[in-house]
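Below is final.txt, holding compact mmCIF, C-alpha atoms.
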```txt
# COMPACT_ATOMS: atom_id res chain seq x y z
CA ASP Y 3 0.00 0.00 0.00
CA SER Y 4 1.57 3.27 -1.18
CA GLY Y 5 -0.55 5.43 1.12
CA VAL Y 6 -2.26 7.14 -1.82
CA THR Y 7 -5.84 5.92 -2.05
CA GLN Y 8 -7.87 6.07 -5.22
CA THR Y 9 -11.52 5.16 -5.57
CA PRO Y 10 -13.16 3.51 -7.32
CA LYS Y 11 -10.70 0.98 -8.73
CA HIS Y 12 -12.86 0.27 -11.74
CA LEU Y 13 -15.59 2.27 -13.41
CA ILE Y 14 -17.69 1.42 -16.45
CA THR Y 15 -19.95 4.08 -17.86
CA ALA Y 16 -21.66 5.11 -21.07
CA THR Y 17 -20.69 7.81 -23.54
CA GLY Y 18 -21.99 11.24 -22.63
CA GLN Y 19 -21.99 10.52 -18.91
CA ARG Y 20 -20.08 12.25 -16.09
CA VAL Y 21 -17.92 10.55 -13.47
CA THR Y 22 -15.89 11.62 -10.46
CA LEU Y 23 -12.62 9.98 -9.48
CA ARG Y 24 -11.41 10.45 -5.94
CA CYS Y 25 -7.91 10.57 -4.49
CA SER Y 26 -6.68 10.75 -0.90
CA PRO Y 27 -2.99 11.68 -0.71
CA ARG Y 28 -0.45 10.18 1.68
CA SER Y 29 -0.63 11.60 5.16
CA GLY Y 30 1.35 14.84 5.26
CA ASP Y 31 1.46 15.34 1.50
CA LEU Y 32 0.09 18.66 0.26
CA SER Y 33 0.51 18.20 -3.50
CA VAL Y 34 -1.71 16.04 -5.66
CA TYR Y 35 -1.07 15.21 -9.31
CA TRP Y 36 -3.36 13.56 -11.85
CA TYR Y 37 -2.14 11.50 -14.80
CA GLN Y 38 -3.88 9.65 -17.58
CA GLN Y 39 -2.42 6.41 -18.97
CA SER Y 40 -3.80 5.24 -22.31
CA LEU Y 41 -2.48 2.84 -24.92
CA ASP Y 42 -2.05 5.48 -27.61
CA GLN Y 43 -0.92 8.50 -25.52
CA GLY Y 44 1.04 6.76 -22.78
CA LEU Y 45 1.29 8.54 -19.43
CA GLN Y 46 0.21 12.16 -19.64
CA PHE Y 47 0.21 14.79 -16.91
CA LEU Y 48 -3.19 16.37 -16.42
CA ILE Y 49 -3.08 18.75 -13.47
CA GLN Y 50 -1.48 19.49 -10.11
CA TYR Y 51 -2.92 20.97 -6.93
CA TYR Y 52 -0.96 22.20 -3.96
CA ASN Y 53 -2.73 22.84 -0.66
CA GLY Y 54 -6.04 23.53 -2.36
CA GLU Y 55 -4.75 25.70 -5.20
CA GLU Y 56 -4.15 24.75 -8.81
CA ARG Y 57 -0.40 24.88 -9.44
CA ALA Y 58 0.17 23.43 -12.89
CA LYS Y 59 -1.91 22.32 -15.82
CA GLY Y 60 -1.01 19.85 -18.53
CA ASN Y 61 -2.93 18.25 -21.35
CA ILE Y 62 -6.26 18.36 -19.59
CA LEU Y 63 -9.37 18.57 -21.75
CA GLU Y 64 -11.95 21.29 -21.11
CA ARG Y 65 -14.46 18.51 -20.34
CA PHE Y 66 -12.25 17.52 -17.39
CA SER Y 67 -11.88 19.46 -14.17
CA ALA Y 68 -10.35 18.86 -10.78
CA GLN Y 69 -10.24 20.33 -7.33
CA GLN Y 70 -8.52 19.78 -4.02
CA PHE Y 71 -10.54 20.14 -0.86
CA PRO Y 72 -9.54 21.55 2.57
CA ASP Y 73 -8.90 18.00 3.86
CA LEU Y 74 -6.47 17.68 0.88
CA HIS Y 75 -8.32 14.96 -0.94
CA SER Y 76 -8.80 15.62 -4.63
CA GLU Y 77 -11.44 14.82 -7.20
CA LEU Y 78 -11.12 14.59 -10.97
CA ASN Y 79 -14.38 15.18 -12.79
CA LEU Y 80 -14.77 13.85 -16.32
CA SER Y 81 -17.87 14.89 -18.26
CA SER Y 82 -19.41 14.28 -21.69
CA LEU Y 83 -17.38 11.11 -21.78
CA GLU Y 84 -16.18 9.70 -25.09
CA LEU Y 85 -14.86 6.27 -25.97
CA GLY Y 86 -11.37 7.76 -26.19
CA ASP Y 87 -11.47 8.74 -22.53
CA SER Y 88 -11.16 5.09 -21.57
CA ALA Y 89 -7.87 4.90 -19.68
CA LEU Y 90 -6.18 4.34 -16.36
CA TYR Y 91 -6.25 7.52 -14.27
CA PHE Y 92 -3.54 7.87 -11.65
CA CYS Y 93 -3.30 10.18 -8.72
CA ALA Y 94 0.05 10.84 -7.06
CA SER Y 95 1.10 12.90 -4.07
CA SER Y 96 4.17 14.56 -2.61
CA VAL Y 97 4.99 16.79 0.31
CA GLY Y 98 5.39 19.70 -2.07
CA GLY Y 99 6.51 23.09 -0.84
CA ILE Y 100 7.98 25.86 -2.92
CA ARG Y 101 7.31 25.46 -6.61
CA GLY Y 102 9.38 22.60 -7.96
CA ALA Y 103 10.15 21.05 -4.59
CA GLY Y 104 7.59 18.29 -4.86
CA ILE Y 105 9.49 16.43 -7.56
CA LYS Y 106 12.87 16.28 -5.87
CA TYR Y 107 12.33 12.81 -4.42
CA GLY Y 108 9.76 11.64 -6.95
CA TYR Y 109 6.19 11.28 -5.95
CA THR Y 110 4.06 8.38 -4.76
CA PHE Y 111 1.37 7.02 -7.03
CA GLY Y 112 -1.93 5.43 -6.15
CA SER Y 113 -3.04 2.22 -7.82
CA GLY Y 114 -5.23 4.03 -10.33
CA THR Y 115 -8.85 4.01 -11.48
CA ARG Y 116 -9.58 2.02 -14.60
CA LEU Y 117 -12.25 3.90 -16.56
CA THR Y 118 -14.05 2.14 -19.38
CA VAL Y 119 -16.45 4.15 -21.52
CA VAL Y 120 -18.87 2.03 -23.57
CA ALA X 5 9.56 20.56 -25.36
CA GLN X 6 11.17 17.82 -23.36
CA THR X 7 10.93 14.30 -24.72
CA VAL X 8 11.89 10.92 -23.33
CA THR X 9 12.67 7.99 -25.61
CA GLN X 10 12.77 4.33 -24.69
CA SER X 11 13.75 2.66 -27.92
CA GLN X 12 13.34 -0.97 -26.84
CA PRO X 13 9.68 -1.89 -26.31
CA GLU X 14 10.51 -5.31 -24.85
CA MET X 15 13.42 -7.17 -23.31
CA SER X 16 13.91 -10.45 -21.54
CA VAL X 17 16.50 -11.65 -19.05
CA GLN X 18 17.28 -14.88 -17.28
CA GLU X 19 16.79 -14.99 -13.55
CA ALA X 20 19.98 -13.97 -11.68
CA GLU X 21 21.42 -12.28 -14.78
CA THR X 22 21.97 -8.57 -15.39
CA VAL X 23 19.97 -6.45 -17.80
CA THR X 24 20.27 -2.82 -18.91
CA LEU X 25 17.31 -0.72 -19.99
CA SER X 26 18.06 2.29 -22.13
CA CYS X 27 16.56 5.77 -22.06
CA THR X 28 17.47 9.00 -23.81
CA TYR X 29 15.95 12.41 -23.28
CA ASP X 30 16.02 15.75 -24.96
CA THR X 31 16.20 19.04 -23.10
CA SER X 32 18.06 22.32 -23.25
CA GLU X 33 17.82 22.73 -19.48
CA SER X 34 20.71 22.07 -17.12
CA ASP X 35 18.64 21.59 -13.97
CA TYR X 36 16.40 18.55 -14.02
CA TYR X 37 15.59 15.20 -12.43
CA LEU X 38 15.41 11.75 -13.97
CA PHE X 39 13.49 8.76 -12.69
CA TRP X 40 12.80 5.14 -13.41
CA TYR X 41 9.36 3.85 -12.44
CA LYS X 42 8.23 0.24 -12.48
CA GLN X 43 4.66 -0.83 -13.25
CA PRO X 44 4.00 -4.51 -12.42
CA PRO X 45 0.79 -6.27 -13.47
CA SER X 46 -0.86 -4.83 -10.37
CA ARG X 47 -0.54 -1.50 -12.35
CA GLN X 48 0.85 0.39 -9.36
CA MET X 49 3.56 2.89 -10.42
CA ILE X 50 6.56 2.30 -8.16
CA LEU X 51 9.59 4.57 -7.99
CA VAL X 52 12.74 2.53 -8.60
CA ILE X 53 15.49 5.13 -8.63
CA ARG X 54 16.08 8.85 -9.12
CA GLN X 55 18.97 11.01 -10.33
CA GLU X 56 19.57 14.73 -9.99
CA ALA X 57 21.21 16.19 -13.08
CA TYR X 58 23.75 18.27 -11.16
CA LYS X 59 25.10 15.19 -9.38
CA GLN X 60 27.90 13.46 -11.27
CA GLN X 61 27.68 10.30 -9.21
CA ASN X 62 25.37 7.62 -10.57
CA ALA X 63 22.49 6.70 -8.27
CA THR X 64 22.29 3.20 -6.79
CA GLU X 65 19.47 1.46 -4.92
CA ASN X 66 20.35 -2.10 -3.95
CA ARG X 67 20.28 -4.16 -7.19
CA PHE X 68 19.32 -1.13 -9.29
CA SER X 69 21.82 1.38 -10.60
CA VAL X 70 21.88 3.98 -13.34
CA ASN X 71 24.42 5.07 -15.90
CA PHE X 72 23.81 8.80 -16.27
CA GLN X 73 25.61 10.36 -19.22
CA LYS X 74 24.61 14.03 -19.15
CA ALA X 75 26.40 15.11 -22.31
CA ALA X 76 24.86 12.23 -24.26
CA LYS X 77 21.47 12.78 -22.55
CA SER X 78 21.34 9.12 -21.68
CA PHE X 79 19.95 7.54 -18.50
CA SER X 80 20.08 3.75 -18.51
CA LEU X 81 18.94 1.44 -15.72
CA LYS X 82 20.93 -1.64 -14.78
CA ILE X 83 19.21 -4.42 -12.88
CA SER X 84 21.62 -6.90 -11.33
CA ASP X 85 20.74 -10.41 -10.12
CA SER X 86 17.33 -10.19 -11.83
CA GLN X 87 14.44 -11.69 -9.92
CA LEU X 88 11.05 -12.93 -11.07
CA GLY X 89 9.47 -10.01 -9.24
CA ASP X 90 11.35 -7.58 -11.49
CA ALA X 91 9.07 -8.50 -14.39
CA ALA X 92 7.11 -5.35 -15.19
CA MET X 93 6.80 -2.34 -17.46
CA TYR X 94 9.60 0.13 -16.81
CA PHE X 95 9.16 3.81 -17.51
CA CYS X 96 11.87 6.42 -17.74
CA ALA X 97 10.71 9.91 -16.71
CA PHE X 98 12.06 13.44 -16.73
CA SER X 99 11.19 16.57 -14.80
CA MET X 100 12.61 19.99 -15.42
CA GLY X 101 13.87 21.91 -12.41
CA GLY X 102 11.18 24.23 -11.08
CA SER X 103 8.45 22.05 -12.56
CA GLU X 104 6.78 19.11 -10.89
CA LYS X 105 5.40 17.61 -14.06
CA LEU X 106 6.81 14.24 -15.12
CA VAL X 107 7.33 13.51 -18.81
CA PHE X 108 7.33 9.77 -19.36
CA GLY X 109 8.77 7.56 -22.05
CA LYS X 110 6.50 4.97 -23.66
CA GLY X 111 7.78 2.21 -21.42
CA MET X 112 9.55 -1.09 -21.86
CA LYS X 113 8.23 -4.52 -20.93
CA LEU X 114 10.76 -6.64 -19.05
CA THR X 115 10.26 -10.40 -18.86
CA VAL X 116 12.30 -12.45 -16.40
CA ASN X 117 12.71 -16.10 -17.36
CA PRO X 118 13.23 -18.71 -14.61
```
Since I need it in another form, could you write the structure as structure tokens?
Amino acid sequence: DSGVTQTPKHLITATGQRVTLRCSPRSGDLSVYWYQQSLDQGLQFLIQYYNGEERAKGNILERFSAQQFPDLHSELNLSSLELGDSALYFCASSVGGIRGAGIKYGYTFGSGTRLTVV
Amino acid sequence: AQTVTQSQPEMSVQEAETVTLSCTYDTSESDYYLFWYKQPPSRQMILVIRQEAYKQQNATENRFSVNFQKAAKSFSLKISDSQLGDAAMYFCAFSMGGSEKLVFGKGMKLTVNP
């Protein structure tokens, strides 16, 4: 157990629907990162939050949004789902700190949520 | 833009032997970090080893070591005394200093034969 908890582990939904993926970071970690892993795109950075604030944005679609709550858990919302959104979605966490500090020792990944859009 | 290339999609090694996984990257920055992550069938991403670009000394973690060639922009991973549990996808990743975003290579599948 890495200490980063992601729920649910599996999710099957229909095109056009909306889903919410949840992530609880390791105790003491303030930064949360979301990644998408698909067969054609590989692992892609989506977004980072630090202590409730958005810190960096990657290749995140406008149909996707995220937030980090006061208790530091984070949610990734995916809407108007398409078949191509089927992927493994990872959350990771790190202690964070000043900008750039969170990567120094690498971060800890959760076990992912497998999303299948049918 | 930074890119990470893992040119070998698959490799195999005999148990107890040594194997080297290759990775090259492209950046104009001088301050950055490099990582190897392992993804076993359980799909968990596990950090294997990390290297800071300003450190000349190659990182080592037990049976895992790297050969970091900064001028050649090469960052290979050597696994010694391979074990069945080493079978996994291995991803090389890069992060520019000041950024916390990881750029991953496409991965390489390692098979360990008993």
Within 10 Å of stretch 3-11 of chain Y: each stretch 6-110 of chain X residue with its shortest pair, only C-alpha atoms, as a Markdown table:
```
| residue | atom | partner | partner_atom | distance |
| --- | --- | --- | --- | --- |
| X:Gln48 | CA | Y:Ser4 | CA | 8.7 |
| X:Met49 | CA | Y:Ser4 | CA | 9.5 |
| X:Ile50 | CA | Y:Ser4 | CA | 8.6 |
```
Would you kindly report the residues of chain Y within 6 Å of chain X, using all atoms listed in the file, as a list in words?
->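 The complete set of qualifying residues is Gly44, Gly102, Ile105, Phe111 and Ser113 of chain Y.
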Save the residues we just selected, C-alpha atoms, as a compact mmCIF listing (two decimals), keeping the file's coordinate frame?
```
# COMPACT_ATOMS: atom_id res chain seq x y z
CA GLY Y 44 1.04 6.76 -22.78
CA GLY Y 102 9.38 22.60 -7.96
CA ILE Y 105 9.49 16.43 -7.56
CA PHE Y 111 1.37 7.02 -7.03
CA SER Y 113 -3.04 2.22 -7.82
```
Proximity to Y:Ser88 - best of Y:Gln50, Y:Val119, Y:Gly18, Y:Val34, all atoms listed in the file | Y:Val119
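Computed from the coordinates, the atom CA of X:Tyr29 to atom CA of X:Phe68 distance equals 19.8 Å.
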What separation in Å, quoted to one decimal, exists between atom CA of Y:Asn53 and atom CA of Y:His12?
->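 Interatomic distance here is 27.1 Å.
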Which one of X:Gln73, X:Thr28, X:Gln18, X:Ser84 sits closest to X:Pro118 if you count all atoms listed in the file?
-> X:Gln18
When you draw a straight line from atom CA of Y:Gly114 to atom CA of Y:Tyr91, how long is it in Å?
->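 That distance, rounded to one decimal, is 5.4 Å.
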Protein/DNA/RNA residues near (19.5, -9.6, -17.7), cut 10 Å, all atoms listed in the file, as a ChimeraX atom specification | /X:15-25,82-87,114-117
Quick one: residues within 6 Å of Y:His75, all atoms listed in the file counted, chain neighbours fewer than 2 positions away excluded, as a PyMOL selection string?
-> chain Y and resi 25-26+70-71+73
Give me the residues within 8 Å of Y:Gly98 as a count of residues only, counting all atoms listed in the file and dropping any in the same chain fewer than 6 places off.
-> 6
All heavy atoms restored at stretch 59-70 of chain Y, emitted as a PDB file, in the frame of the given file:
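Contents of selection23.pdb, as written:
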```pdb
ATOM      1  N   LYS Y  59      -0.933  22.957 -14.959  1.00  0.00           N
ATOM      2  CA  LYS Y  59      -1.910  22.320 -15.820  1.00  0.00           C
ATOM      3  C   LYS Y  59      -1.189  21.705 -17.003  1.00  0.00           C
ATOM      4  O   LYS Y  59      -0.272  22.305 -17.567  1.00  0.00           O
ATOM      5  CB  LYS Y  59      -2.894  23.374 -16.313  1.00  0.00           C
ATOM      6  CG  LYS Y  59      -4.302  22.922 -16.473  1.00  0.00           C
ATOM      7  CD  LYS Y  59      -5.233  24.123 -16.651  1.00  0.00           C
ATOM      8  CE  LYS Y  59      -6.671  23.704 -16.599  1.00  0.00           C
ATOM      9  NZ  LYS Y  59      -7.589  24.848 -16.654  1.00  0.00           N
ATOM     10  N   GLY Y  60      -1.604  20.510 -17.377  1.00  0.00           N
ATOM     11  CA  GLY Y  60      -1.010  19.850 -18.530  1.00  0.00           C
ATOM     12  C   GLY Y  60      -2.034  19.682 -19.628  1.00  0.00           C
ATOM     13  O   GLY Y  60      -2.828  20.572 -19.903  1.00  0.00           O
ATOM     14  N   ASN Y  61      -2.041  18.504 -20.228  1.00  0.00           N
ATOM     15  CA  ASN Y  61      -2.930  18.250 -21.350  1.00  0.00           C
ATOM     16  C   ASN Y  61      -4.324  17.853 -20.894  1.00  0.00           C
ATOM     17  O   ASN Y  61      -4.827  16.791 -21.255  1.00  0.00           O
ATOM     18  CB  ASN Y  61      -2.343  17.140 -22.222  1.00  0.00           C
ATOM     19  CG  ASN Y  61      -0.977  17.509 -22.759  1.00  0.00           C
ATOM     20  OD1 ASN Y  61      -0.732  18.653 -23.108  1.00  0.00           O
ATOM     21  ND2 ASN Y  61      -0.077  16.546 -22.800  1.00  0.00           N
ATOM     22  N   ILE Y  62      -4.946  18.697 -20.119  1.00  0.00           N
ATOM     23  CA  ILE Y  62      -6.260  18.360 -19.590  1.00  0.00           C
ATOM     24  C   ILE Y  62      -7.345  18.968 -20.486  1.00  0.00           C
ATOM     25  O   ILE Y  62      -7.299  20.144 -20.832  1.00  0.00           O
ATOM     26  CB  ILE Y  62      -6.409  18.807 -18.119  1.00  0.00           C
ATOM     27  CG1 ILE Y  62      -7.719  18.286 -17.519  1.00  0.00           C
ATOM     28  CG2 ILE Y  62      -6.239  20.315 -17.970  1.00  0.00           C
ATOM     29  CD1 ILE Y  62      -7.779  18.374 -16.006  1.00  0.00           C
ATOM     30  N   LEU Y  63      -8.290  18.124 -20.887  1.00  0.00           N
ATOM     31  CA  LEU Y  63      -9.370  18.570 -21.750  1.00  0.00           C
ATOM     32  C   LEU Y  63     -10.301  19.517 -20.994  1.00  0.00           C
ATOM     33  O   LEU Y  63     -10.415  19.442 -19.772  1.00  0.00           O
ATOM     34  CB  LEU Y  63     -10.164  17.368 -22.268  1.00  0.00           C
ATOM     35  CG  LEU Y  63      -9.378  16.345 -23.093  1.00  0.00           C
ATOM     36  CD1 LEU Y  63     -10.236  15.116 -23.355  1.00  0.00           C
ATOM     37  CD2 LEU Y  63      -8.898  16.949 -24.391  1.00  0.00           C
ATOM     38  N   GLU Y  64     -10.998  20.370 -21.742  1.00  0.00           N
ATOM     39  CA  GLU Y  64     -11.950  21.290 -21.110  1.00  0.00           C
ATOM     40  C   GLU Y  64     -13.105  20.536 -20.455  1.00  0.00           C
ATOM     41  O   GLU Y  64     -13.711  21.035 -19.505  1.00  0.00           O
ATOM     42  CB  GLU Y  64     -12.489  22.275 -22.148  1.00  0.00           C
ATOM     43  CG  GLU Y  64     -11.495  23.360 -22.499  1.00  0.00           C
ATOM     44  CD  GLU Y  64     -12.121  24.470 -23.324  1.00  0.00           C
ATOM     45  OE1 GLU Y  64     -13.363  24.569 -23.345  1.00  0.00           O
ATOM     46  OE2 GLU Y  64     -11.363  25.232 -23.933  1.00  0.00           O
ATOM     47  N   ARG Y  65     -13.391  19.339 -20.920  1.00  0.00           N
ATOM     48  CA  ARG Y  65     -14.460  18.510 -20.340  1.00  0.00           C
ATOM     49  C   ARG Y  65     -14.040  17.929 -18.977  1.00  0.00           C
ATOM     50  O   ARG Y  65     -14.858  17.357 -18.269  1.00  0.00           O
ATOM     51  CB  ARG Y  65     -14.788  17.338 -21.274  1.00  0.00           C
ATOM     52  CG  ARG Y  65     -15.273  17.748 -22.642  1.00  0.00           C
ATOM     53  CD  ARG Y  65     -15.639  16.540 -23.487  1.00  0.00           C
ATOM     54  NE  ARG Y  65     -14.504  15.799 -23.969  1.00  0.00           N
ATOM     55  CZ  ARG Y  65     -14.138  14.595 -23.532  1.00  0.00           C
ATOM     56  NH1 ARG Y  65     -14.820  14.001 -22.559  1.00  0.00           N
ATOM     57  NH2 ARG Y  65     -13.101  13.960 -24.055  1.00  0.00           N
ATOM     58  N   PHE Y  66     -12.773  18.054 -18.658  1.00  0.00           N
ATOM     59  CA  PHE Y  66     -12.250  17.520 -17.390  1.00  0.00           C
ATOM     60  C   PHE Y  66     -11.985  18.682 -16.437  1.00  0.00           C
ATOM     61  O   PHE Y  66     -11.529  19.759 -16.858  1.00  0.00           O
ATOM     62  CB  PHE Y  66     -10.954  16.763 -17.616  1.00  0.00           C
ATOM     63  CG  PHE Y  66     -11.068  15.523 -18.463  1.00  0.00           C
ATOM     64  CD1 PHE Y  66     -12.267  15.116 -19.030  1.00  0.00           C
ATOM     65  CD2 PHE Y  66      -9.932  14.743 -18.701  1.00  0.00           C
ATOM     66  CE1 PHE Y  66     -12.349  13.976 -19.811  1.00  0.00           C
ATOM     67  CE2 PHE Y  66     -10.001  13.595 -19.484  1.00  0.00           C
ATOM     68  CZ  PHE Y  66     -11.210  13.220 -20.042  1.00  0.00           C
ATOM     69  N   SER Y  67     -12.219  18.446 -15.170  1.00  0.00           N
ATOM     70  CA  SER Y  67     -11.880  19.460 -14.170  1.00  0.00           C
ATOM     71  C   SER Y  67     -11.474  18.746 -12.895  1.00  0.00           C
ATOM     72  O   SER Y  67     -11.767  17.558 -12.716  1.00  0.00           O
ATOM     73  CB  SER Y  67     -13.062  20.382 -13.898  1.00  0.00           C
ATOM     74  OG  SER Y  67     -14.126  19.658 -13.329  1.00  0.00           O
ATOM     75  N   ALA Y  68     -10.789  19.455 -12.037  1.00  0.00           N
ATOM     76  CA  ALA Y  68     -10.350  18.860 -10.780  1.00  0.00           C
ATOM     77  C   ALA Y  68     -10.411  19.902  -9.685  1.00  0.00           C
ATOM     78  O   ALA Y  68     -10.512  21.105  -9.946  1.00  0.00           O
ATOM     79  CB  ALA Y  68      -8.919  18.313 -10.919  1.00  0.00           C
ATOM     80  N   GLN Y  69     -10.357  19.427  -8.469  1.00  0.00           N
ATOM     81  CA  GLN Y  69     -10.240  20.330  -7.330  1.00  0.00           C
ATOM     82  C   GLN Y  69      -9.610  19.578  -6.169  1.00  0.00           C
ATOM     83  O   GLN Y  69      -9.611  18.347  -6.134  1.00  0.00           O
ATOM     84  CB  GLN Y  69     -11.597  20.913  -6.943  1.00  0.00           C
ATOM     85  CG  GLN Y  69     -12.695  19.923  -6.666  1.00  0.00           C
ATOM     86  CD  GLN Y  69     -14.017  20.626  -6.398  1.00  0.00           C
ATOM     87  OE1 GLN Y  69     -14.069  21.710  -5.821  1.00  0.00           O
ATOM     88  NE2 GLN Y  69     -15.111  20.020  -6.827  1.00  0.00           N
ATOM     89  N   GLN Y  70      -9.069  20.346  -5.243  1.00  0.00           N
ATOM     90  CA  GLN Y  70      -8.520  19.780  -4.020  1.00  0.00           C
ATOM     91  C   GLN Y  70      -9.227  20.457  -2.859  1.00  0.00           C
ATOM     92  O   GLN Y  70      -9.305  21.676  -2.780  1.00  0.00           O
ATOM     93  CB  GLN Y  70      -7.004  19.999  -3.927  1.00  0.00           C
ATOM     94  CG  GLN Y  70      -6.370  19.296  -2.732  1.00  0.00           C
ATOM     95  CD  GLN Y  70      -4.873  19.504  -2.643  1.00  0.00           C
ATOM     96  OE1 GLN Y  70      -4.341  20.506  -3.114  1.00  0.00           O
ATOM     97  NE2 GLN Y  70      -4.176  18.571  -2.032  1.00  0.00           N
TER      98      GLN Y  70
END
```
